>>> print(open('input.txt').read())   # compact mmCIF, C-alpha atoms
# COMPACT_ATOMS: atom_id res chain seq x y z
CA MET Z 18 0.00 0.00 0.00
CA ALA Z 19 2.69 2.47 1.06
CA ILE Z 20 4.78 1.58 -1.97
CA ASP Z 21 1.77 2.17 -4.25
CA LEU Z 22 1.25 5.60 -2.75
CA PHE Z 23 4.95 6.29 -3.21
CA TYR Z 24 4.64 5.28 -6.88
CA PHE Z 25 1.62 7.53 -7.31
CA PHE Z 26 2.77 10.61 -5.43
CA VAL Z 27 6.56 10.67 -5.57
CA PHE Z 28 8.74 8.75 -7.93
CA PRO Z 29 7.26 8.00 -11.30
CA GLY Z 30 4.06 9.78 -10.39
CA LEU Z 31 3.03 13.27 -9.43
CA ILE Z 32 6.14 15.04 -8.15
CA PHE Z 33 8.71 13.50 -10.50
CA ALA Z 34 6.52 13.86 -13.61
CA ALA Z 35 5.54 17.41 -12.68
CA ILE Z 36 9.12 18.59 -12.11
CA THR Z 37 10.42 16.94 -15.28
CA GLY Z 38 7.44 18.27 -17.22
CA ALA Z 39 8.06 21.78 -15.90
CA PHE Z 40 11.64 21.66 -17.16
CA LEU Z 41 10.38 20.35 -20.52
CA SER Z 42 7.87 23.20 -20.62
CA TRP Z 43 10.74 25.65 -20.07
CA PHE Z 44 12.63 23.88 -22.88
CA ASP Z 45 9.61 24.26 -25.14
CA ARG Z 46 9.30 27.99 -24.41
CA LYS Z 47 13.04 28.56 -24.77
CA ILE Z 48 13.19 26.79 -28.14
CA THR Z 49 10.16 28.80 -29.26
CA ALA Z 50 11.97 31.97 -28.24
CA ARG Z 51 15.16 30.95 -30.04
CA VAL Z 52 13.19 30.12 -33.21
CA GLN Z 53 11.74 33.64 -33.11
CA PHE Z 54 15.20 35.20 -32.37
CA ARG Z 55 14.21 36.10 -28.81
CA LYS Z 56 16.02 35.43 -25.57
CA GLY Z 57 13.36 33.43 -23.78
CA PRO Z 58 12.33 32.96 -20.15
CA PRO Z 59 14.67 31.92 -17.29
CA LEU Z 60 15.04 28.25 -16.30
CA LEU Z 61 12.67 28.31 -13.33
CA GLN Z 62 9.89 30.21 -15.13
CA PRO Z 63 7.33 27.31 -15.09
CA PHE Z 64 7.79 27.01 -11.31
CA TYR Z 65 7.26 30.76 -10.81
CA ASP Z 66 4.09 30.59 -12.93
CA PHE Z 67 2.76 27.58 -11.05
CA PHE Z 68 3.45 28.87 -7.54
CA LYS Z 69 2.17 32.34 -8.37
CA LEU Z 70 -1.13 30.88 -9.55
CA LEU Z 71 -1.33 28.43 -6.65
CA LEU Z 72 -0.33 30.65 -3.73
CA VAL Z 73 -0.83 34.29 -4.65
CA LYS Z 74 -3.83 34.66 -6.93
CA GLU Z 75 -7.47 34.64 -5.95
CA THR Z 76 -9.74 31.91 -7.35
CA ILE Z 77 -12.91 33.37 -8.80
CA LEU Z 78 -16.00 31.20 -9.19
CA PRO Z 79 -18.35 31.86 -12.09
CA LYS Z 80 -21.68 33.39 -11.15
CA LYS Z 81 -23.70 31.40 -13.67
CA GLY Z 82 -22.55 27.83 -13.67
CA SER Z 83 -21.75 24.98 -11.37
CA PRO Z 84 -18.92 25.90 -8.96
CA MET Z 85 -18.42 22.37 -7.63
CA ILE Z 86 -17.83 20.75 -11.02
CA PHE Z 87 -15.86 23.81 -12.12
CA LEU Z 88 -13.43 23.28 -9.23
CA LEU Z 89 -13.34 19.46 -9.36
CA ALA Z 90 -12.55 19.17 -13.08
CA PRO Z 91 -8.90 20.38 -12.75
CA VAL Z 92 -8.37 17.89 -9.90
CA PHE Z 93 -9.70 15.06 -12.09
CA SER Z 94 -7.43 16.14 -14.92
CA VAL Z 95 -4.36 16.06 -12.63
CA PHE Z 96 -5.47 12.63 -11.41
CA GLY Z 97 -5.89 11.26 -14.95
CA ALA Z 98 -2.56 12.61 -16.15
CA THR Z 99 -0.73 11.27 -13.06
CA MET Z 100 -2.39 7.85 -13.29
CA ALA Z 101 -1.47 7.53 -16.97
CA GLY Z 102 2.02 8.73 -16.06
CA VAL Z 103 2.42 6.02 -13.41
CA PHE Z 104 1.33 3.26 -15.79
CA ILE Z 105 3.62 4.54 -18.56
CA LEU Z 106 6.67 5.31 -16.43
CA LEU Z 107 6.72 2.17 -14.27
CA PRO Z 108 7.57 -0.14 -17.21
CA LEU Z 109 9.92 2.51 -18.58
CA PHE Z 110 11.97 2.51 -15.37
CA ASN Z 111 11.90 -1.31 -15.19
CA ILE Z 112 9.90 -1.35 -11.96
CA THR Z 113 7.78 -4.49 -11.95
CA THR Z 114 4.52 -4.37 -10.05
CA GLY Z 115 1.59 -6.79 -10.10
CA PHE Z 116 -0.04 -4.71 -12.81
CA ARG Z 117 1.73 -4.94 -16.14
CA GLY Z 118 0.95 -1.54 -17.77
CA ASP Z 119 -1.79 -2.48 -20.17
CA LEU Z 120 -1.82 -0.34 -23.33
CA LEU Z 121 -5.60 -0.02 -23.43
CA VAL Z 122 -5.79 1.21 -19.83
CA ILE Z 123 -3.17 3.83 -20.67
CA PHE Z 124 -5.16 4.80 -23.76
CA TYR Z 125 -8.29 5.43 -21.67
CA LEU Z 126 -6.44 7.23 -18.87
CA LEU Z 127 -4.79 9.59 -21.36
CA THR Z 128 -8.21 10.86 -22.47
CA ILE Z 129 -9.26 11.82 -18.92
CA PRO Z 130 -7.53 15.26 -18.94
CA SER Z 131 -9.27 16.32 -22.17
CA PHE Z 132 -12.65 15.18 -20.88
CA SER Z 133 -12.15 16.99 -17.57
CA TYR Z 134 -11.26 20.18 -19.44
CA ILE Z 135 -14.52 19.85 -21.39
CA ILE Z 136 -16.59 19.24 -18.24
CA GLY Z 137 -14.93 22.12 -16.39
CA SER Z 138 -15.31 24.58 -19.22
CA LEU Z 139 -18.96 23.70 -19.77
CA ALA Z 140 -19.55 24.15 -16.03
CA SER Z 141 -18.16 27.69 -16.18
CA GLY Z 142 -21.10 29.02 -18.20
CA ASN Z 143 -18.97 31.20 -20.45
CA PRO Z 144 -19.91 31.25 -24.18
CA LEU Z 145 -16.28 31.29 -25.35
CA ALA Z 146 -15.53 28.35 -23.05
CA SER Z 147 -18.36 26.36 -24.59
CA VAL Z 148 -17.04 27.15 -28.07
CA GLY Z 149 -13.67 25.80 -26.93
CA ALA Z 150 -15.29 22.73 -25.36
CA SER Z 151 -17.21 21.89 -28.53
CA ARG Z 152 -14.03 22.20 -30.57
CA GLU Z 153 -12.16 19.96 -28.14
CA MET Z 154 -14.91 17.33 -28.45
CA LYS Z 155 -14.65 17.33 -32.23
CA LEU Z 156 -10.87 17.13 -31.95
CA ILE Z 157 -11.07 14.15 -29.58
CA ILE Z 158 -13.46 12.34 -31.94
CA SER Z 159 -11.05 12.89 -34.82
CA TYR Z 160 -7.72 11.95 -33.22
CA GLU Z 161 -8.69 9.11 -30.87
CA LEU Z 162 -9.29 6.64 -33.71
CA THR Z 163 -5.86 7.41 -35.17
CA PHE Z 164 -4.25 7.02 -31.76
CA LEU Z 165 -5.98 3.67 -31.28
CA LEU Z 166 -4.81 2.54 -34.73
CA VAL Z 167 -1.23 3.51 -33.82
CA ILE Z 168 -1.48 1.46 -30.62
CA ALA Z 169 -3.02 -1.43 -32.60
CA GLY Z 170 -0.08 -1.29 -35.00
CA ILE Z 171 2.35 -1.44 -32.08
CA ILE Z 172 0.48 -4.41 -30.61
CA MET Z 173 0.69 -6.23 -33.95
CA LYS Z 174 4.38 -5.42 -34.25
CA ALA Z 175 5.03 -6.76 -30.77
CA GLY Z 176 3.39 -10.09 -31.63
CA GLN Z 177 -0.05 -9.50 -30.01
CA GLN Z 178 1.44 -8.40 -26.67
CA PHE Z 179 -0.89 -5.99 -24.89
CA ASP Z 180 1.37 -4.77 -22.11
CA LEU Z 181 3.96 -2.03 -22.25
CA ASN Z 182 6.56 -4.19 -20.45
CA SER Z 183 6.70 -6.74 -23.27
CA VAL Z 184 6.56 -4.03 -25.96
CA ILE Z 185 9.70 -2.50 -24.42
CA SER Z 186 11.48 -5.82 -23.83
CA ILE Z 187 10.78 -7.04 -27.39
CA GLN Z 188 12.28 -3.81 -28.76
CA GLN Z 189 15.30 -4.04 -26.46
CA ALA Z 190 15.92 -7.62 -27.57
CA GLY Z 191 15.59 -6.79 -31.28
CA THR Z 192 15.52 -3.45 -33.07
CA PRO Z 193 13.44 -0.41 -32.08
CA PHE Z 194 10.11 -0.24 -33.92
CA ILE Z 195 11.01 3.09 -35.52
CA GLY Z 196 13.72 1.30 -37.54
CA SER Z 197 11.24 -0.05 -40.12
CA ILE Z 198 8.98 1.50 -42.77
CA SER Z 199 5.77 0.73 -40.89
CA GLY Z 200 7.33 2.08 -37.70
CA VAL Z 201 8.17 5.39 -39.35
CA LEU Z 202 4.62 5.73 -40.70
CA LEU Z 203 3.13 4.95 -37.28
CA PHE Z 204 5.56 7.42 -35.67
CA ILE Z 205 4.36 10.24 -37.98
CA ALA Z 206 0.72 9.52 -37.12
CA GLY Z 207 1.61 9.24 -33.42
CA ILE Z 208 3.45 12.58 -33.34
CA PHE Z 209 0.45 14.40 -34.84
CA CYS Z 210 -1.86 12.70 -32.31
CA LEU Z 211 0.45 13.94 -29.54
CA GLN Z 212 0.31 17.43 -30.97
CA ALA Z 213 -3.49 17.34 -30.80
CA LYS Z 214 -3.55 15.75 -27.34
CA LEU Z 215 -1.20 18.40 -25.94
CA GLY Z 216 -3.14 21.21 -27.65
CA LEU Z 217 -0.09 22.60 -29.45
CA VAL Z 218 -0.35 24.94 -32.36
CA PRO Z 219 -1.66 23.26 -35.50
CA PHE Z 220 -4.43 21.76 -33.35
CA ASP Z 221 -4.84 24.33 -30.56
CA MET Z 222 -8.24 25.57 -31.74
CA ALA Z 223 -9.81 24.58 -28.43
CA GLU Z 224 -7.66 27.06 -26.50
CA ALA Z 225 -6.87 29.52 -29.28
CA GLU Z 226 -5.34 32.51 -27.50
CA THR Z 227 -5.79 35.04 -30.26
CA GLU Z 228 -9.24 33.93 -31.32
CA ILE Z 229 -11.31 32.81 -28.32
CA THR Z 230 -8.80 33.91 -25.61
CA GLU Z 231 -7.73 30.58 -24.08
CA GLY Z 232 -11.14 29.07 -24.90
CA MET Z 233 -11.75 26.32 -22.38
CA PHE Z 234 -9.66 27.94 -19.62
CA ILE Z 235 -11.06 31.47 -19.96
CA GLU Z 236 -12.86 31.44 -16.58
CA TYR Z 237 -10.15 29.66 -14.60
CA SER Z 238 -8.03 31.71 -12.24
CA GLY Z 239 -5.82 31.14 -9.22
CA SER Z 240 -5.25 27.65 -7.88
CA ALA Z 241 -7.75 25.97 -10.25
CA PHE Z 242 -5.73 27.31 -13.17
CA ALA Z 243 -2.55 26.15 -11.40
CA MET Z 244 -3.95 22.59 -11.43
CA ILE Z 245 -4.54 22.89 -15.19
CA LYS Z 246 -0.96 24.15 -15.66
CA LEU Z 247 0.23 21.15 -13.61
CA THR Z 248 -1.70 18.79 -15.89
CA LYS Z 249 -0.12 20.44 -18.91
CA TYR Z 250 3.37 19.97 -17.44
CA ILE Z 251 2.71 16.31 -16.59
CA MET Z 252 1.26 15.59 -20.04
CA LEU Z 253 4.23 17.26 -21.72
CA PHE Z 254 6.48 14.67 -20.07
CA VAL Z 255 4.19 11.63 -20.08
CA LEU Z 256 3.14 11.66 -23.74
CA PRO Z 257 6.69 11.93 -25.19
CA ALA Z 258 7.71 9.18 -22.72
CA PHE Z 259 4.87 7.04 -24.11
CA ILE Z 260 6.10 7.61 -27.68
CA VAL Z 261 9.65 6.74 -26.58
CA ALA Z 262 8.34 3.54 -25.00
CA LEU Z 263 6.33 2.58 -28.08
CA PHE Z 264 8.87 3.37 -30.80
CA MET Z 265 12.37 3.99 -29.42
CA ASN Z 266 12.86 0.96 -27.13
CA GLY Z 267 12.24 2.79 -23.87
CA PHE Z 268 14.90 3.72 -21.31
CA ARG Z 269 17.88 1.60 -20.37
CA LEU Z 270 19.05 2.81 -16.99
CA GLU Z 271 22.71 1.92 -16.76
CA GLY Z 272 25.79 4.12 -17.27
CA ILE Z 273 25.81 6.19 -20.44
CA SER Z 274 22.36 4.93 -21.51
CA ILE Z 275 20.74 7.37 -19.05
CA LEU Z 276 21.98 10.17 -21.30
CA TRP Z 277 20.37 8.38 -24.26
CA ALA Z 278 17.08 8.20 -22.37
CA ILE Z 279 17.14 11.96 -21.67
CA LEU Z 280 18.13 12.66 -25.27
CA LYS Z 281 15.22 10.63 -26.66
CA ILE Z 282 12.67 12.58 -24.62
CA ILE Z 283 14.28 15.89 -25.59
CA VAL Z 284 14.29 14.96 -29.29
CA VAL Z 285 10.57 14.12 -29.23
CA VAL Z 286 9.75 17.40 -27.41
CA LEU Z 287 11.98 19.31 -29.84
CA LEU Z 288 10.08 17.78 -32.75
CA LEU Z 289 6.75 18.80 -31.20
CA THR Z 290 8.03 22.34 -30.57
CA LEU Z 291 9.34 22.75 -34.10
CA ILE Z 292 6.03 21.54 -35.59
CA ARG Z 293 4.28 23.99 -33.28
CA ASN Z 294 6.45 26.90 -34.35
CA THR Z 295 6.36 26.37 -38.09
CA ASN Z 296 2.63 25.84 -38.60
CA PRO Z 297 -0.47 28.02 -38.44
CA ARG Z 298 -3.59 27.01 -36.56
CA VAL Z 299 -5.95 24.97 -38.73
CA LYS Z 300 -9.74 25.18 -38.66
CA ILE Z 301 -11.61 22.41 -36.84
CA LYS Z 302 -12.98 21.11 -40.15
CA GLN Z 303 -9.45 20.84 -41.57
CA ALA Z 304 -8.24 19.08 -38.42
CA VAL Z 305 -11.04 16.50 -38.59
CA LYS Z 306 -10.27 15.90 -42.27
CA PHE Z 307 -6.54 15.67 -41.56
CA PHE Z 308 -6.98 12.94 -38.95
CA ALA Z 309 -10.01 11.12 -40.33
CA LEU Z 310 -8.61 10.88 -43.84
CA TRP Z 311 -4.83 11.24 -44.00
CA MET Z 312 -3.57 10.08 -40.63
CA ASN Z 313 -5.97 7.11 -40.55
CA LEU Z 314 -4.82 6.23 -44.08
CA ILE Z 315 -1.17 6.31 -42.98
CA ALA Z 316 -1.92 4.20 -39.92
CA VAL Z 317 -3.90 1.64 -41.95
CA ILE Z 318 -1.12 1.44 -44.56
CA ALA Z 319 1.36 0.85 -41.74
CA ILE Z 320 -0.80 -1.92 -40.29
CA VAL Z 321 -1.07 -3.59 -43.71
CA LEU Z 322 2.73 -3.35 -44.05
CA ILE Z 323 3.14 -4.93 -40.61
CA ALA Z 324 0.87 -7.80 -41.68
CA PHE Z 325 3.25 -8.42 -44.61
CA GLY Z 326 6.22 -8.22 -42.30
CA TYR Z 327 7.83 -4.86 -43.17
CA MET U 30 10.81 39.44 0.47
CA GLY U 31 8.88 36.23 0.81
CA PHE U 32 8.61 33.31 -1.55
CA LYS U 33 5.10 34.31 -2.69
CA ASP U 34 6.11 37.85 -3.59
CA TYR U 35 9.18 36.57 -5.40
CA CYS U 36 7.09 34.20 -7.56
CA PHE U 37 4.56 36.96 -8.23
CA LYS U 38 7.24 39.41 -9.28
CA LYS U 39 8.91 36.86 -11.56
CA SER U 40 5.75 35.97 -13.45
CA LEU U 41 3.64 39.00 -14.29
CA TRP U 42 0.99 38.30 -16.90
CA VAL U 43 -0.34 41.47 -18.46
CA PHE U 44 -3.79 42.22 -19.77
CA HIS U 45 -4.20 45.13 -22.12
CA PHE U 46 -7.15 47.52 -21.74
CA GLY U 47 -7.31 50.13 -24.49
CA GLY U 48 -9.61 53.04 -23.74
CA ALA U 49 -10.47 55.70 -26.32
CA SER U 50 -6.91 55.59 -27.53
CA CYS U 51 -5.32 56.98 -30.67
CA ASN U 52 -3.63 53.54 -30.99
CA ASN U 53 -0.05 54.76 -30.60
CA CYS U 54 0.26 53.42 -27.06
CA ASP U 55 -1.31 50.10 -28.19
CA ILE U 56 1.32 49.76 -30.88
CA GLU U 57 4.13 50.55 -28.43
CA ILE U 58 2.77 47.97 -25.96
CA LEU U 59 2.75 45.34 -28.69
CA ASP U 60 6.28 46.41 -29.61
CA CYS U 61 7.45 45.27 -26.17
CA LEU U 62 6.47 41.70 -27.01
CA THR U 63 8.30 41.56 -30.33
CA PRO U 64 11.70 39.84 -30.68
CA ARG U 65 13.59 43.12 -30.39
CA HIS U 66 12.42 43.92 -26.85
CA ASP U 67 11.18 40.46 -25.73
CA LEU U 68 9.35 40.92 -22.42
CA GLU U 69 9.21 37.13 -21.95
CA ARG U 70 12.75 37.18 -20.55
CA PHE U 71 11.27 38.80 -17.42
CA GLY U 72 8.49 36.21 -17.38
CA ILE U 73 5.93 38.67 -18.72
CA LEU U 74 3.25 37.24 -21.01
CA LEU U 75 0.31 38.90 -22.72
CA VAL U 76 -2.86 37.02 -21.77
CA GLY U 77 -6.23 37.19 -23.46
CA SER U 78 -8.48 36.64 -20.46
CA VAL U 79 -8.55 39.03 -17.51
CA ARG U 80 -8.99 36.05 -15.16
CA HIS U 81 -5.33 35.16 -15.77
CA ALA U 82 -3.99 38.71 -15.47
CA ASP U 83 -1.64 40.10 -12.83
CA VAL U 84 -1.12 43.52 -14.38
CA LEU U 85 -3.75 45.66 -16.06
CA LEU U 86 -2.25 48.00 -18.63
CA VAL U 87 -4.63 50.91 -19.23
CA ASN U 88 -3.97 53.39 -22.00
CA GLY U 89 -5.97 56.01 -23.82
CA SER U 90 -8.30 58.65 -22.45
CA ILE U 91 -11.14 57.09 -20.46
CA ASN U 92 -14.49 58.47 -21.58
CA LYS U 93 -17.89 57.95 -20.00
CA ARG U 94 -18.56 54.65 -21.75
CA ASP U 95 -15.05 53.28 -21.12
CA LYS U 96 -15.42 54.02 -17.41
CA GLU U 97 -18.07 51.32 -16.93
CA ARG U 98 -16.03 48.78 -18.90
CA LEU U 99 -12.87 49.61 -16.98
CA LEU U 100 -14.63 49.18 -13.63
CA GLU U 101 -16.15 45.89 -14.80
CA ILE U 102 -12.79 44.56 -16.01
CA TYR U 103 -11.15 45.64 -12.75
CA HIS U 104 -13.74 43.83 -10.65
CA GLN U 105 -13.46 40.71 -12.82
CA ALA U 106 -9.71 40.44 -12.31
CA PRO U 107 -8.41 38.11 -9.57
CA LYS U 108 -6.69 40.04 -6.77
CA PRO U 109 -3.89 41.01 -6.23
CA ILE U 110 -3.80 42.98 -9.45
CA LEU U 111 -1.49 45.84 -10.34
CA VAL U 112 -2.70 48.68 -12.55
CA VAL U 113 -0.38 50.62 -14.84
CA ALA U 114 -1.56 53.82 -16.52
CA ILE U 115 0.25 54.29 -19.83
CA GLY U 116 0.71 57.43 -21.87
CA ALA U 117 -0.24 61.04 -21.31
CA CYS U 118 -3.96 60.24 -21.69
CA GLY U 119 -3.87 57.41 -19.17
CA CYS U 120 -1.88 59.39 -16.59
CA THR U 121 -3.52 62.82 -16.76
CA GLY U 122 -5.96 62.97 -19.63
CA GLY U 123 -3.53 64.71 -21.97
CA ILE U 124 -5.13 66.86 -24.63
CA PHE U 125 -8.53 65.29 -23.91
CA ALA U 126 -8.55 66.39 -20.26
CA GLU U 127 -11.12 69.13 -20.89
CA GLY U 128 -13.27 67.20 -23.37
CA MET U 129 -16.96 66.89 -22.61
CA THR U 130 -17.01 63.06 -22.72
CA PHE U 131 -13.87 62.69 -20.62
CA ALA U 132 -14.51 60.75 -17.39
CA GLY U 133 -11.32 61.47 -15.53
CA PRO U 134 -7.83 59.96 -15.71
CA VAL U 135 -7.40 56.31 -14.71
CA ASP U 136 -6.47 57.03 -11.08
CA LYS U 137 -9.83 58.70 -10.44
CA ILE U 138 -11.61 55.46 -11.35
CA ILE U 139 -9.39 52.62 -10.04
CA PRO U 140 -6.23 52.63 -7.87
CA VAL U 141 -3.11 52.92 -10.03
CA ASP U 142 0.27 51.43 -9.05
CA ALA U 143 2.50 52.95 -11.71
CA TYR U 144 2.40 55.75 -14.24
CA ILE U 145 4.34 55.63 -17.51
CA PRO U 146 4.04 59.05 -19.17
CA GLY U 147 4.87 59.84 -22.78
CA CYS U 148 2.93 60.37 -25.98
CA PRO U 149 3.45 57.53 -26.72
CA PRO U 150 6.06 56.16 -24.25
CA LYS U 151 8.90 54.28 -25.90
CA PRO U 152 8.99 50.49 -25.43
CA GLU U 153 12.13 50.99 -23.32
CA ALA U 154 10.15 53.27 -21.01
CA LEU U 155 7.37 50.68 -20.72
CA ILE U 156 9.87 47.93 -19.88
CA ALA U 157 11.58 50.17 -17.32
CA GLY U 158 8.23 50.99 -15.72
CA ILE U 159 7.07 47.40 -15.47
CA VAL U 160 10.42 46.19 -14.14
CA LYS U 161 10.47 48.94 -11.52
CA LEU U 162 6.93 48.00 -10.54
CA ALA U 163 7.97 44.36 -10.18
CA GLY U 164 11.01 45.36 -8.12
CA ARG U 165 8.96 47.53 -5.75
CA LYS U 166 6.43 44.81 -5.03
>>> encode(input="input.txt", output="structure tokens")
Amino acid sequence: MAIDLFYFFVFPGLIFAAITGAFLSWFDRKITARVQFRKGPPLLQPFYDFFKLLLVKETILPKKGSPMIFLLAPVFSVFGATMAGVFILLPLFNITTGFRGDLLVIFYLLTIPSFSYIIGSLASGNPLASVGASREMKLIISYELTFLLVIAGIIMKAGQQFDLNSVISIQQAGTPFIGSISGVLLFIAGIFCLQAKLGLVPFDMAEAETEITEGMFIEYSGSAFAMIKLTKYIMLFVLPAFIVALFMNGFRLEGISILWAILKIIVVVLLLTLIRNTNPRVKIKQAVKFFALWMNLIAVIAIVLIAFGY
Amino acid sequence: MGFKDYCFKKSLWVFHFGGASCNNCDIEILDCLTPRHDLERFGILLVGSVRHADVLLVNGSINKRDKERLLEIYHQAPKPILVVAIGACGCTGGIFAEGMTFAGPVDKIIPVDAYIPGCPPKPEALIAGIVKLAGRK
């Protein structure tokens, strides 16, 4: 029991994932600044933002709306992100527990933050928030099928193994899955799904800053908004870690390989940041078409290639 | 200075309220966020929703209609919030001070923490003002 709580709250869970994610968030902002020939924020900027929102600012409840659900939704989103993080990071760090990180459980847990954002924003009673929530729903409908197809491809590649432990150990015994044609195709589809899950720029229509002013989060202030920031930090670490586990044979934690593990995460985040900085925001219709047609096509082609052994 | 104040000072998110402005101050404020001046190195971000704001930048002369909006925006913002009056119109009323629709400079309507005069103030003056404000807090 105590060890489970330790897993959840301290090492691969809340605190570790949040701190790593905060540094990755700084990395993301710094790279964005360098791409735009700016200097960028200092290293501890995500921590200042988080603690300012948590400790200093007042939390305002919406007058028209449901305050209880409005306040509980960020807590649920932190819970979902942390739970998914625990199930992804335990196999990555070679910690064996009774539960062997099932891919489908991870898939469902990773959708909890998006759904809590939708519930919270609809509970706020703000028209712009409901526009954001409806866009997020359409986005979820479009990218979840692609994400499931990517996971299905990985399961087929791993010889019908459903748990993350065996996916990682099969890759470590042979070659990483990204080293084949089908792996590269699945990786492309997976990266775009990540972009949509994290709400980064080509698919950030649900929280478009310039258009509907943060959309879903428009009514959040103070510590409730700090919880949402925390979820964003955790997701920014957990989702690249998931991609590393699925495609790039996970972490190997001995000697110089630790550097490799860090480098893999940083490369995936760098890729996400560069896509974010070199693309405009697409309309929701274009995003649905992009996932429903092109990304599903790529994923299906990859699965057919896997069936023929490429 | 405590930990809370330090975090607050290091991460000021600004919200821009333009009154009946001639748009020069607006352009200079946006200049601060461009690569040349880059306010993000002090942790300052421009936010779209007043619920996330720590600093309210008010520019332009405030006329009778703007007064209601300004009060509404000020009451919607989560406290503590700092208010900065920008430009000659924001600080004193400037050439509109005797106009018939003029409803008083910003500090007659809401408490103001810093004044940045100029018509319009240069981006350097804006940065200096906001950094001094952060240092005083």
>>> interface_residues(input="input.txt", of="chain U", to="chain Z", cutoff="10 Å", atoms="only C-alpha atoms", output="JSON, numbers by chain")
{"U": [32, 33, 34, 35, 36, 37, 38, 39, 40, 41, 42, 62, 63, 64, 65, 66, 67, 68, 69, 70, 71, 72, 73, 75, 76, 77, 78, 79, 80, 81, 82, 83, 105, 106, 107, 108, 109, 110]}
>>> residues_around(input="input.txt", residues="Asn294 in chain Z", least_positions_apart="5", cutoff="9 Å", atoms="all atoms listed in the file", output="PyMOL selection string")
chain Z and resi 49+52-53+218-219+289
>>> residues_around(input="input.txt", residues="range 273-276 of chain Z", least_positions_apart="6", cutoff="12 Å", atoms="all atoms listed in the file", output="tab-separated table (two decimals) with C-alpha atoms, in the coordinates of the input")
chain	number	residue	atom	x	y	z
Z	109	LEU	CA	9.92	2.51	-18.58
Z	110	PHE	CA	11.97	2.51	-15.37
Z	266	ASN	CA	12.86	0.96	-27.13
Z	267	GLY	CA	12.24	2.79	-23.87
Z	282	ILE	CA	12.67	12.58	-24.62
Z	283	ILE	CA	14.28	15.89	-25.59
>>> residues_around(input="input.txt", residues="Asn313 in chain Z", least_positions_apart="2", cutoff="12 Å", atoms="all atoms listed in the file", output="PyMOL selection string")
chain Z and resi 159-167+170+202-203+205-207+209-210+305-311+315-320
>>> closest_residue(input="input.txt", among="U:Ala114, U:Ala163, U:Cys61, U:Ala157", to="Leu86 in chain U", atoms="all atoms listed in the file")
U:Ala114
>>> closest_residue(input="input.txt", among="Z:Gly272, Z:Gly82, Z:Gly102, Z:Pro108", to="Ile32 in chain Z", atoms="only C-alpha atoms")
Z:Gly102
>>> atom_distance(input="input.txt", atom1="CA of Phe40 in chain Z", atom2="CA of Glu224 in chain Z")
22.1 Å
>>> atom_distance(input="input.txt", atom1="CA of Trp43 in chain Z", atom2="CA of Gly216 in chain Z")
16.4 Å
>>> residues_around(input="input.txt", residues="Val284 in chain Z", least_positions_apart="4", cutoff="12 Å", atoms="all atoms listed in the file", output="list of chain:residue names")
Z:Leu41, Z:Phe44, Z:Asp45, Z:Ile48, Z:Ile208, Z:Pro257, Z:Ala258, Z:Ile260, Z:Val261, Z:Met265, Z:Trp277, Z:Ala278, Z:Ile279, Z:Leu280, Z:Leu288, Z:Leu289, Z:Thr290, Z:Leu291
>>> write_last_selection(input="input.txt", atoms="C-alpha atoms", output="short mmCIF file (atom, residue, chain, number, x, y, z; two decimals), keeping the file's coordinate frame")
data_model
loop_
_atom_site.label_atom_id
_atom_site.label_comp_id
_atom_site.auth_asym_id
_atom_site.auth_seq_id
_atom_site.Cartn_x
_atom_site.Cartn_y
_atom_site.Cartn_z
CA LEU Z 41 10.38 20.35 -20.52
CA PHE Z 44 12.63 23.88 -22.88
CA ASP Z 45 9.61 24.26 -25.14
CA ILE Z 48 13.19 26.79 -28.14
CA ILE Z 208 3.45 12.58 -33.34
CA PRO Z 257 6.69 11.93 -25.19
CA ALA Z 258 7.71 9.18 -22.72
CA ILE Z 260 6.10 7.61 -27.68
CA VAL Z 261 9.65 6.74 -26.58
CA MET Z 265 12.37 3.99 -29.42
CA TRP Z 277 20.37 8.38 -24.26
CA ALA Z 278 17.08 8.20 -22.37
CA ILE Z 279 17.14 11.96 -21.67
CA LEU Z 280 18.13 12.66 -25.27
CA LEU Z 288 10.08 17.78 -32.75
CA LEU Z 289 6.75 18.80 -31.20
CA THR Z 290 8.03 22.34 -30.57
CA LEU Z 291 9.34 22.75 -34.10
#
>>> residues_around(input="input.txt", residues="Ile159 in chain U", least_positions_apart="4", cutoff="9 Å", atoms="all atoms listed in the file", output="number ranges by chain")
U: 113, 143, 145, 154-155, 163-164
>>> write_last_selection(input="input.txt", atoms="C-alpha atoms", output="CSV table (one decimal), in the coordinates of the input")
chain,number,residue,atom,x,y,z
U,113,VAL,CA,-0.4,50.6,-14.8
U,143,ALA,CA,2.5,53.0,-11.7
U,145,ILE,CA,4.3,55.6,-17.5
U,154,ALA,CA,10.2,53.3,-21.0
U,155,LEU,CA,7.4,50.7,-20.7
U,163,ALA,CA,8.0,44.4,-10.2
U,164,GLY,CA,11.0,45.4,-8.1
>>> residues_near_point(input="input.txt", point="(-11.3, 54.7, -23.1)", cutoff="7 Å", atoms="only C-alpha atoms", output="CSV table (one decimal) with C-alpha atoms, keeping the file's coordinate frame")
chain,number,residue,atom,x,y,z
U,47,GLY,CA,-7.3,50.1,-24.5
U,48,GLY,CA,-9.6,53.0,-23.7
U,49,ALA,CA,-10.5,55.7,-26.3
U,50,SER,CA,-6.9,55.6,-27.5
U,89,GLY,CA,-6.0,56.0,-23.8
U,90,SER,CA,-8.3,58.6,-22.4
U,91,ILE,CA,-11.1,57.1,-20.5
U,92,ASN,CA,-14.5,58.5,-21.6
U,95,ASP,CA,-15.0,53.3,-21.1
>>> atom_distance(input="input.txt", atom1="CA of Gly128 in chain U", atom2="CA of Arg94 in chain U")
13.7 Å
